[in-house]
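Shown here: coords-v4.cif, mmCIF, C-alpha atoms.
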data_coords
#
loop_
_atom_site.label_atom_id
_atom_site.label_comp_id
_atom_site.auth_asym_id
_atom_site.auth_seq_id
_atom_site.Cartn_x
_atom_site.Cartn_y
_atom_site.Cartn_z
CA MET A 1 79.04 82.54 -17.21
CA SER A 2 78.67 85.02 -14.34
CA ARG A 3 81.34 87.22 -15.92
CA LEU A 4 79.39 87.24 -19.16
CA SER A 5 76.17 88.16 -17.39
CA ILE A 6 77.90 91.14 -15.80
CA ALA A 7 79.42 92.21 -19.12
CA LEU A 8 76.24 92.17 -21.16
CA PRO A 9 74.63 95.32 -19.66
CA VAL A 10 77.67 97.36 -20.73
CA VAL A 11 77.76 96.07 -24.32
CA ALA A 12 76.09 99.19 -25.61
CA ALA A 13 78.43 101.45 -23.66
CA PHE A 14 81.43 99.60 -25.07
CA VAL A 15 80.08 99.87 -28.58
CA PHE A 16 79.61 103.62 -28.44
CA SER A 17 82.86 104.33 -26.62
CA ALA A 18 84.91 102.07 -28.89
CA CYS A 19 83.60 103.72 -32.00
CA GLY A 20 84.03 107.17 -30.54
CA SER A 21 87.55 106.56 -29.28
CA ALA A 22 89.08 105.98 -32.69
CA ALA A 23 86.88 106.51 -35.69
CA THR A 24 84.48 109.14 -34.48
CA PRO A 25 81.66 109.89 -34.59
CA ALA A 26 79.72 106.98 -33.18
CA PRO A 27 76.27 106.42 -34.68
CA SER A 28 74.70 108.01 -31.60
CA SER A 29 75.95 111.39 -32.80
CA ALA A 30 73.41 111.49 -35.60
CA PRO A 31 70.55 113.94 -35.17
CA GLY A 32 67.75 112.44 -33.13
CA ALA A 33 69.71 109.38 -31.99
CA THR A 34 69.87 108.06 -28.46
CA ASN A 35 72.32 105.82 -26.64
CA ALA A 36 69.67 103.26 -25.84
CA PRO A 37 70.53 99.78 -27.15
CA GLY A 38 68.92 99.19 -30.50
CA ALA A 39 67.85 102.80 -30.93
CA THR A 40 67.64 103.90 -34.52
CA SER A 41 69.40 107.00 -35.69
CA ARG A 42 66.45 108.34 -37.62
CA PRO A 43 63.65 106.84 -39.72
CA ILE A 44 64.73 105.42 -43.05
CA ALA A 45 62.44 106.63 -45.80
CA THR A 46 60.98 104.31 -48.42
CA ALA A 47 60.75 104.69 -52.16
CA ALA A 48 60.44 102.61 -55.30
CA PRO A 49 63.27 100.05 -55.74
CA GLY A 50 66.15 101.09 -57.97
CA GLY A 51 65.89 104.84 -57.50
CA SER A 52 63.10 107.01 -58.86
CA GLN A 53 63.78 110.32 -60.57
CA GLN A 54 62.63 113.47 -58.78
CA ALA A 55 62.11 117.03 -59.83
CA GLY A 56 65.48 118.68 -60.43
CA GLY A 57 67.11 115.49 -61.70
CA SER A 58 67.94 113.75 -58.41
CA TYR A 59 67.12 110.09 -57.84
CA ASP A 60 65.47 108.75 -54.68
CA PHE A 61 67.33 105.68 -53.37
CA SER A 62 66.46 106.27 -49.71
CA ASN A 63 65.24 102.67 -49.37
CA ALA A 64 68.51 101.13 -50.60
CA ALA A 65 69.58 99.81 -47.19
CA THR A 66 66.17 98.57 -46.11
CA ASN A 67 65.93 96.72 -49.43
CA LEU A 68 68.67 94.41 -48.14
CA SER A 69 65.75 92.56 -46.57
CA VAL A 70 64.94 91.05 -49.99
CA LEU A 71 68.22 89.08 -49.89
CA ASP A 72 68.49 85.58 -48.45
CA SER A 73 71.99 86.26 -47.15
CA TYR A 74 74.95 88.61 -47.49
CA LYS A 75 78.21 89.68 -45.93
CA PHE A 76 78.78 93.26 -44.86
CA ASP A 77 81.91 95.27 -44.19
CA VAL A 78 81.81 98.80 -42.77
CA GLU A 79 84.93 100.83 -42.08
CA ILE A 80 85.09 104.25 -40.44
CA VAL A 81 88.49 105.97 -40.54
CA SER A 82 89.52 109.31 -39.05
CA ALA A 83 92.70 111.35 -38.78
CA ASN A 84 93.84 113.66 -35.98
CA THR A 85 92.24 117.05 -35.69
CA THR A 86 92.99 119.72 -33.13
CA THR A 87 89.64 121.43 -33.64
CA THR A 88 87.36 118.54 -32.64
CA GLY A 89 89.60 116.25 -30.62
CA MET A 90 88.99 113.45 -33.10
CA LYS A 91 91.59 110.71 -32.69
CA ALA A 92 93.32 108.93 -35.55
CA GLY A 93 92.18 105.38 -36.01
CA ALA A 94 89.66 103.06 -37.58
CA THR A 95 86.64 101.07 -36.50
CA SER A 96 85.29 98.25 -38.64
CA PHE A 97 82.10 96.22 -38.46
CA THR A 98 82.13 92.97 -40.44
CA GLY A 99 79.61 90.19 -40.41
CA VAL A 100 77.01 87.97 -42.00
CA VAL A 101 73.23 88.10 -42.20
CA ASN A 102 71.70 84.78 -43.24
CA LYS A 103 67.90 84.66 -43.34
CA LYS A 104 67.91 81.11 -44.71
CA ASP A 105 68.79 79.63 -41.33
CA GLY A 106 68.31 82.65 -39.05
CA THR A 107 72.00 83.05 -38.27
CA GLN A 108 74.10 86.19 -38.09
CA SER A 109 77.46 87.39 -36.89
CA MET A 110 79.36 90.61 -36.30
CA ASP A 111 82.94 91.46 -35.42
CA MET A 112 83.73 94.99 -34.22
CA LEU A 113 87.41 95.87 -34.42
CA THR A 114 88.98 99.14 -33.26
CA LYS A 115 92.49 100.21 -34.24
CA ASP A 116 94.62 103.18 -33.27
CA GLY A 117 96.34 105.52 -35.70
CA LYS A 118 99.25 103.09 -36.08
CA GLY A 119 97.02 100.16 -36.97
CA ASN A 120 97.27 98.41 -33.61
CA VAL A 121 94.13 96.61 -32.44
CA THR A 122 92.89 98.29 -29.27
CA ASP A 123 89.51 96.62 -28.83
CA GLU A 124 87.43 93.85 -30.33
CA MET A 125 83.96 92.52 -29.68
CA ALA A 126 82.19 89.83 -31.65
CA PHE A 127 79.01 87.80 -31.57
CA ALA A 128 77.63 84.80 -33.44
CA ILE A 129 74.04 83.57 -33.53
CA THR A 130 73.43 79.99 -34.66
CA PRO A 131 70.10 78.15 -34.95
CA THR A 132 70.43 76.79 -31.41
CA LYS A 133 72.83 78.99 -29.42
CA SER A 134 74.45 82.43 -29.36
CA TYR A 135 77.96 83.46 -28.43
CA MET A 136 80.06 86.54 -27.74
CA LYS A 137 83.70 87.47 -27.35
CA SER A 138 84.95 90.63 -25.65
CA GLY A 139 88.45 92.06 -25.98
CA ALA A 140 91.18 91.55 -28.54
CA ALA A 141 92.45 88.53 -26.61
CA GLY A 142 89.05 87.43 -25.32
CA LYS A 143 87.54 83.97 -25.48
CA TRP A 144 84.14 82.98 -26.83
CA ALA A 145 81.38 82.35 -24.29
CA GLU A 146 77.77 81.31 -24.67
CA ILE A 147 75.15 84.03 -24.17
CA PRO A 148 72.31 83.10 -21.78
CA ALA A 149 69.14 82.63 -23.80
CA ALA A 150 67.27 85.30 -21.81
CA GLN A 151 69.84 87.93 -22.78
CA VAL A 152 70.22 87.21 -26.50
CA SER A 153 67.55 89.70 -27.66
CA THR A 154 69.05 92.54 -25.58
CA PHE A 155 72.50 91.75 -26.85
CA THR A 156 71.55 91.65 -30.54
CA ALA A 157 69.49 94.85 -30.18
CA ALA A 158 72.59 96.67 -28.95
CA PHE A 159 74.48 95.68 -32.05
CA SER A 160 71.67 96.42 -34.50
CA ALA A 161 72.72 100.08 -34.53
CA PHE A 162 75.89 99.05 -36.37
CA ARG A 163 74.30 97.04 -39.15
CA PRO A 164 74.57 98.59 -42.66
CA GLU A 165 70.93 99.69 -42.56
CA GLN A 166 71.53 102.04 -39.65
CA LEU A 167 74.96 103.28 -40.66
CA PHE A 168 73.61 104.04 -44.11
CA SER A 169 70.81 106.12 -42.59
CA ILE A 170 73.37 108.22 -40.69
CA TYR A 171 76.05 108.81 -43.27
CA PHE A 172 74.33 108.45 -46.63
CA LEU A 173 70.61 109.22 -46.33
CA SER A 174 71.32 112.90 -46.97
CA ALA A 175 72.47 111.94 -50.47
CA ALA A 176 69.46 109.74 -51.16
CA THR A 177 67.35 112.60 -52.52
CA ASN A 178 70.11 115.10 -53.34
CA ASN A 179 72.35 113.51 -55.92
CA SER A 180 73.23 113.02 -59.54
CA LYS A 181 73.23 109.78 -61.50
CA ILE A 182 76.75 108.88 -62.64
CA GLY A 183 75.80 105.79 -64.63
CA ASP A 184 75.43 102.02 -64.62
CA GLU A 185 78.43 100.09 -63.29
CA THR A 186 79.30 96.65 -61.95
CA LYS A 187 80.18 96.74 -58.25
CA ASN A 188 80.99 93.74 -56.06
CA GLY A 189 79.89 91.57 -58.96
CA VAL A 190 76.42 93.17 -59.11
CA ALA A 191 74.87 95.31 -61.85
CA THR A 192 74.39 98.67 -60.13
CA THR A 193 73.61 102.33 -60.70
CA HIS A 194 76.15 104.79 -59.31
CA TYR A 195 74.88 108.01 -57.66
CA ARG A 196 76.91 110.94 -56.30
CA GLY A 197 75.64 113.13 -53.46
CA GLY A 198 74.98 116.81 -53.96
CA ASP A 199 76.02 119.92 -52.01
CA ALA A 200 73.81 119.13 -49.00
CA VAL A 201 76.02 116.16 -48.12
CA GLY A 202 78.94 118.37 -47.09
CA ALA A 203 76.99 120.41 -44.56
CA ILE A 204 75.48 117.36 -42.89
CA MET A 205 78.70 115.37 -42.80
CA ALA A 206 80.70 118.32 -41.47
CA GLY A 207 78.17 118.64 -38.66
CA LEU A 208 78.50 114.95 -37.79
CA THR A 209 82.29 114.74 -37.90
CA GLY A 210 83.63 118.23 -37.33
CA VAL A 211 85.64 117.97 -40.56
CA SER A 212 84.92 121.00 -42.75
CA ALA A 213 86.05 120.28 -46.30
CA ASN A 214 84.70 119.31 -49.69
CA TRP A 215 82.78 116.14 -48.96
CA GLN A 216 82.03 113.53 -51.58
CA SER A 217 79.44 110.80 -51.13
CA ASP A 218 78.88 107.98 -53.62
CA VAL A 219 76.38 105.14 -53.51
CA TRP A 220 76.00 102.07 -55.75
CA VAL A 221 72.50 100.57 -55.79
CA ALA A 222 71.56 97.24 -57.39
CA ARG A 223 69.61 97.80 -60.59
CA ASP A 224 67.47 94.77 -59.73
CA LYS A 225 65.56 95.11 -56.44
CA GLY A 226 67.30 98.38 -55.49
CA TYR A 227 69.42 97.22 -52.55
CA LEU A 228 72.65 98.82 -51.34
CA VAL A 229 75.84 97.28 -52.78
CA HIS A 230 78.54 99.84 -51.92
CA SER A 231 78.73 103.35 -50.51
CA GLU A 232 81.58 105.66 -49.56
CA ALA A 233 81.87 109.16 -48.20
CA GLY A 234 84.87 111.15 -47.14
CA ALA A 235 86.75 114.41 -46.95
CA GLN A 236 90.30 115.61 -46.48
CA GLY A 237 90.72 118.93 -44.72
CA ALA A 238 92.96 121.55 -46.30
CA ASN A 239 95.29 121.19 -43.32
CA PRO A 240 95.01 117.63 -41.90
CA SER A 241 96.73 118.61 -38.65
CA SER A 242 93.95 121.03 -37.82
CA ALA A 243 91.01 120.13 -40.05
CA GLY A 244 91.44 116.34 -40.05
CA SER A 245 89.97 113.83 -42.43
CA PHE A 246 87.22 111.26 -42.26
CA SER A 247 85.83 108.43 -44.38
CA VAL A 248 83.16 105.77 -44.09
CA THR A 249 82.77 102.84 -46.49
CA VAL A 250 80.04 100.19 -46.65
CA ASP A 251 80.31 97.01 -48.73
CA ILE A 252 77.72 94.29 -49.30
CA THR A 253 79.21 91.12 -50.79
CA ASN A 254 78.60 87.40 -51.36
CA ILE A 255 74.96 88.17 -52.01
CA ASN A 256 72.66 85.16 -51.56
CA GLY A 257 75.70 82.94 -50.99
CA ASN A 258 75.90 80.19 -48.38
CA ASN A 259 77.46 82.52 -45.76
CA PRO A 260 77.45 79.96 -42.94
CA VAL A 261 77.70 81.04 -39.29
CA THR A 262 79.04 78.20 -37.17
CA ALA A 263 79.35 77.83 -33.42
CA PRO A 264 82.78 79.20 -32.41
CA ILE A 265 83.05 76.81 -29.43
#
Representation of the structure as structure tokens:
Amino acid sequence: MSRLSIALPVVAAFVFSACGSAATPAPSSAPGATNAPGATSRPIATAAPGGSQQAGGSYDFSNAATNLSVLDSYKFDVEIVSANTTTTGMKAGATSFTGVVNKKDGTQSMDMLTKDGKGNVTDEMAFAITPTKSYMKSGAAGKWAEIPAAQVSTFTAAFSAFRPEQLFSIYFLSAATNNSKIGDETKNGVATTHYRGGDAVGAIMAGLTGVSANWQSDVWVARDKGYLVHSEAGAQGANPSSAGSFSVTVDITNINGNNPVTAPI
């Protein structure tokens, strides 16, 4: 347990360095963000559920991620992938964040996995919160250990920056009021409306990632209750060896399913 107590204060540092080492940028690179555990990237605006039409034809879905709060439970899967670039120093690799949010019993989990450009796992950190105890695992070959009760809130705050709500605010909020409506589609088994980001997305994303190219950002929002179901943004530079490429994908699945989180030990 003493080893765990020593490790907890550096959870946030691991999170930011792991994300930055492979699939950059880390969420802390968003404008206005800080490296403090649990710090938000920037305020998430609110609007009417489902997307409201604005002047000029865009639709406001800026509350799509915060509307996840209306769900009893869901699974999330976020993947950030980057390719080599000589102009920014971005390394090839991928970082994924997968987990469960279950409001029905107050449980949640997250597994952060970092891979190099060849697909080899270089780092892993995971946590699980059950109704009575909380656990964490550090390192690809690490073992689960119980988190001391006094440190649970600090630990979960550090990971909150990597929940879909925060990652959406970094990579997709710029499209929330600058977009075009593509049409109604079924995504992840949910009736959704598909929106595509406008020209402003490219400038913002290029500033975050250092990849200057034609960016495309797409978001699928549930037609009922207006919550995020799927979003993806990415670009491929004209010359990948110098301009690089970058993509980020967010998926919300198994909506209002059982989604149990059990004690790993």
*Using the chain letters and residue numbers of this document, give as a list in words the residues selected by the PyMOL selection byres ((chain A and resi 111) around 6).*
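After applying the PyMOL selection byres ((chain A and resi 111) around 6), what remains is Phe97, Thr98, Met110, Met112, Met125 and Ala126 of chain A.
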Write the residues you've just listed into a file as a PDB file, in the frame of the given file, and include C-alpha atoms for each of them.
ATOM      1  CA  PHE A  97      82.100  96.220 -38.460  1.00  0.00           C
ATOM      2  CA  THR A  98      82.130  92.970 -40.440  1.00  0.00           C
ATOM      3  CA  MET A 110      79.360  90.610 -36.300  1.00  0.00           C
ATOM      4  CA  MET A 112      83.730  94.990 -34.220  1.00  0.00           C
ATOM      5  CA  MET A 125      83.960  92.520 -29.680  1.00  0.00           C
ATOM      6  CA  ALA A 126      82.190  89.830 -31.650  1.00  0.00           C
TER       7      ALA A 126
END
_One number please: CA of Val221 in chain A to CA of Lys115 in chain A, in Å, one decimal._
29.4 Å
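CA of Asn214 in chain A lies 28.7 Å from CA of Thr253 in chain A.
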*asked:* With only C-alpha atoms as the counted atoms, please give the residues lying no more than 10 Å from Gly99 in chain A, apart from itself and same-chain residues fewer than 4 positions off, as a list in words.
replied: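 Residues meeting the cut-off are Tyr74, Lys75, Phe76, Asp77, Val78, Gln108, Ser109, Met110, Asp111, Met112, Ala126, Phe127, Ala128, Arg163, Ile252, Asn259 and Val261 of chain A.
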*What separation in Å, quoted to one decimal, exists between CA of Leu68 in chain A and CA of Val190 in chain A?*
13.5 Å
_the PyMOL selection byres ((chain A and resi 152) around 10) - which residues does that actually catch in the file I just gave you? List them as a list in words._
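Against this file, the PyMOL selection byres ((chain A and resi 152) around 10) returns the residues Leu8, Ile129, Lys133, Ser134, Tyr135, Met136, Glu146, Ile147, Pro148, Ala149, Ala150, Gln151, Ser153, Thr154, Phe155, Thr156 and Ala157 of chain A.
Using only C-alpha atoms for every distance, the candidate list A:Ser58, A:Gly93, A:Leu167, A:Ser247 yields A:Ser58 as the residue closest to Arg196 in chain A.
Proximity to Ser138 in chain A was assessed for A:Asn120, A:Leu113, A:Ser174, A:Ala158 counting only C-alpha atoms; the smallest distance is recorded for A:Leu113.
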Hey, can I get the axis-aligned box for range 173-181 of chain A? All listed atoms, 5 Å padding on each side, centre and edge lengths in Å to one decimal, as lines of an AutoDock Vina configuration file.
center_x = 70.3
center_y = 112.2
center_z = -53.9
size_x = 15.9
size_y = 15.9
size_z = 25.2
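Distances here use only C-alpha atoms; by that measure, the residue among A:Asp251, A:Asp60, A:Asp72, A:Glu185 closest to Gly106 in chain A is A:Asp72.
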*Can you list, as a list of chain:residue names, the residues that the PyMOL selection byres ((chain A and resi 121) around 12) selects here?*
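Evaluating the PyMOL selection byres ((chain A and resi 121) around 12) on these coordinates yields A:Ala18, A:Ala22, A:Gly93, A:Ala94, A:Thr95, A:Ser96, A:Met112, A:Leu113, A:Thr114, A:Lys115, A:Asp116, A:Gly117, A:Lys118, A:Gly119, A:Asn120, A:Thr122, A:Asp123, A:Glu124, A:Met125, A:Gly139, A:Ala140, A:Ala141.
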Limited to C-alpha atoms, could you put the picked residues into a file as a PDB file, in the frame of the given file?
ATOM      1  CA  ALA A  18      84.910 102.070 -28.890  1.00  0.00           C
ATOM      2  CA  ALA A  22      89.080 105.980 -32.690  1.00  0.00           C
ATOM      3  CA  GLY A  93      92.180 105.380 -36.010  1.00  0.00           C
ATOM      4  CA  ALA A  94      89.660 103.060 -37.580  1.00  0.00           C
ATOM      5  CA  THR A  95      86.640 101.070 -36.500  1.00  0.00           C
ATOM      6  CA  SER A  96      85.290  98.250 -38.640  1.00  0.00           C
ATOM      7  CA  MET A 112      83.730  94.990 -34.220  1.00  0.00           C
ATOM      8  CA  LEU A 113      87.410  95.870 -34.420  1.00  0.00           C
ATOM      9  CA  THR A 114      88.980  99.140 -33.260  1.00  0.00           C
ATOM     10  CA  LYS A 115      92.490 100.210 -34.240  1.00  0.00           C
ATOM     11  CA  ASP A 116      94.620 103.180 -33.270  1.00  0.00           C
ATOM     12  CA  GLY A 117      96.340 105.520 -35.700  1.00  0.00           C
ATOM     13  CA  LYS A 118      99.250 103.090 -36.080  1.00  0.00           C
ATOM     14  CA  GLY A 119      97.020 100.160 -36.970  1.00  0.00           C
ATOM     15  CA  ASN A 120      97.270  98.410 -33.610  1.00  0.00           C
ATOM     16  CA  THR A 122      92.890  98.290 -29.270  1.00  0.00           C
ATOM     17  CA  ASP A 123      89.510  96.620 -28.830  1.00  0.00           C
ATOM     18  CA  GLU A 124      87.430  93.850 -30.330  1.00  0.00           C
ATOM     19  CA  MET A 125      83.960  92.520 -29.680  1.00  0.00           C
ATOM     20  CA  GLY A 139      88.450  92.060 -25.980  1.00  0.00           C
ATOM     21  CA  ALA A 140      91.180  91.550 -28.540  1.00  0.00           C
ATOM     22  CA  ALA A 141      92.450  88.530 -26.610  1.00  0.00           C
TER      23      ALA A 141
END
For range 86-174 of chain A against range 222-235 of chain A, with a cut-off of 10 Å and counting all atoms listed in the file, what is the closest atom pair and its distance in Å to one decimal for every residue that makes the cut, ordered by chain and number, as CSV?
residue,atom,partner,partner_atom,distance
A:Pro164,CA,A:Leu228,CA,8.9
A:Glu165,CA,A:Leu228,CA,9.0
A:Phe168,CA,A:Ser231,CA,8.2
A:Tyr171,CA,A:Ala233,CA,7.6
A:Phe172,CA,A:Ala233,CA,7.7
Selection above as a file: C-alpha atoms, as a compact mmCIF listing (two decimals), in the frame of the given file:
# COMPACT_ATOMS: atom_id res chain seq x y z
CA PRO A 164 74.57 98.59 -42.66
CA GLU A 165 70.93 99.69 -42.56
CA PHE A 168 73.61 104.04 -44.11
CA TYR A 171 76.05 108.81 -43.27
CA PHE A 172 74.33 108.45 -46.63
*With only C-alpha atoms as the atoms that count, which of A:Ala83, A:Val248, A:Val100, A:Phe159 lies nearest to Leu71 in chain A?*
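Ranked by minimum distance to Leu71 in chain A, first place goes to A:Val100.
Proximity ranking of A:Asp218, A:Lys104, A:Val250, A:Lys91 relative to Gly183 in chain A places A:Asp218 first, based on all atoms listed in the file.
Distance annotation: of A:Phe162, A:Trp220, A:Trp144, A:Phe246, the residue with the minimal separation from Ala176 in chain A is A:Trp220; atom set is only C-alpha atoms.
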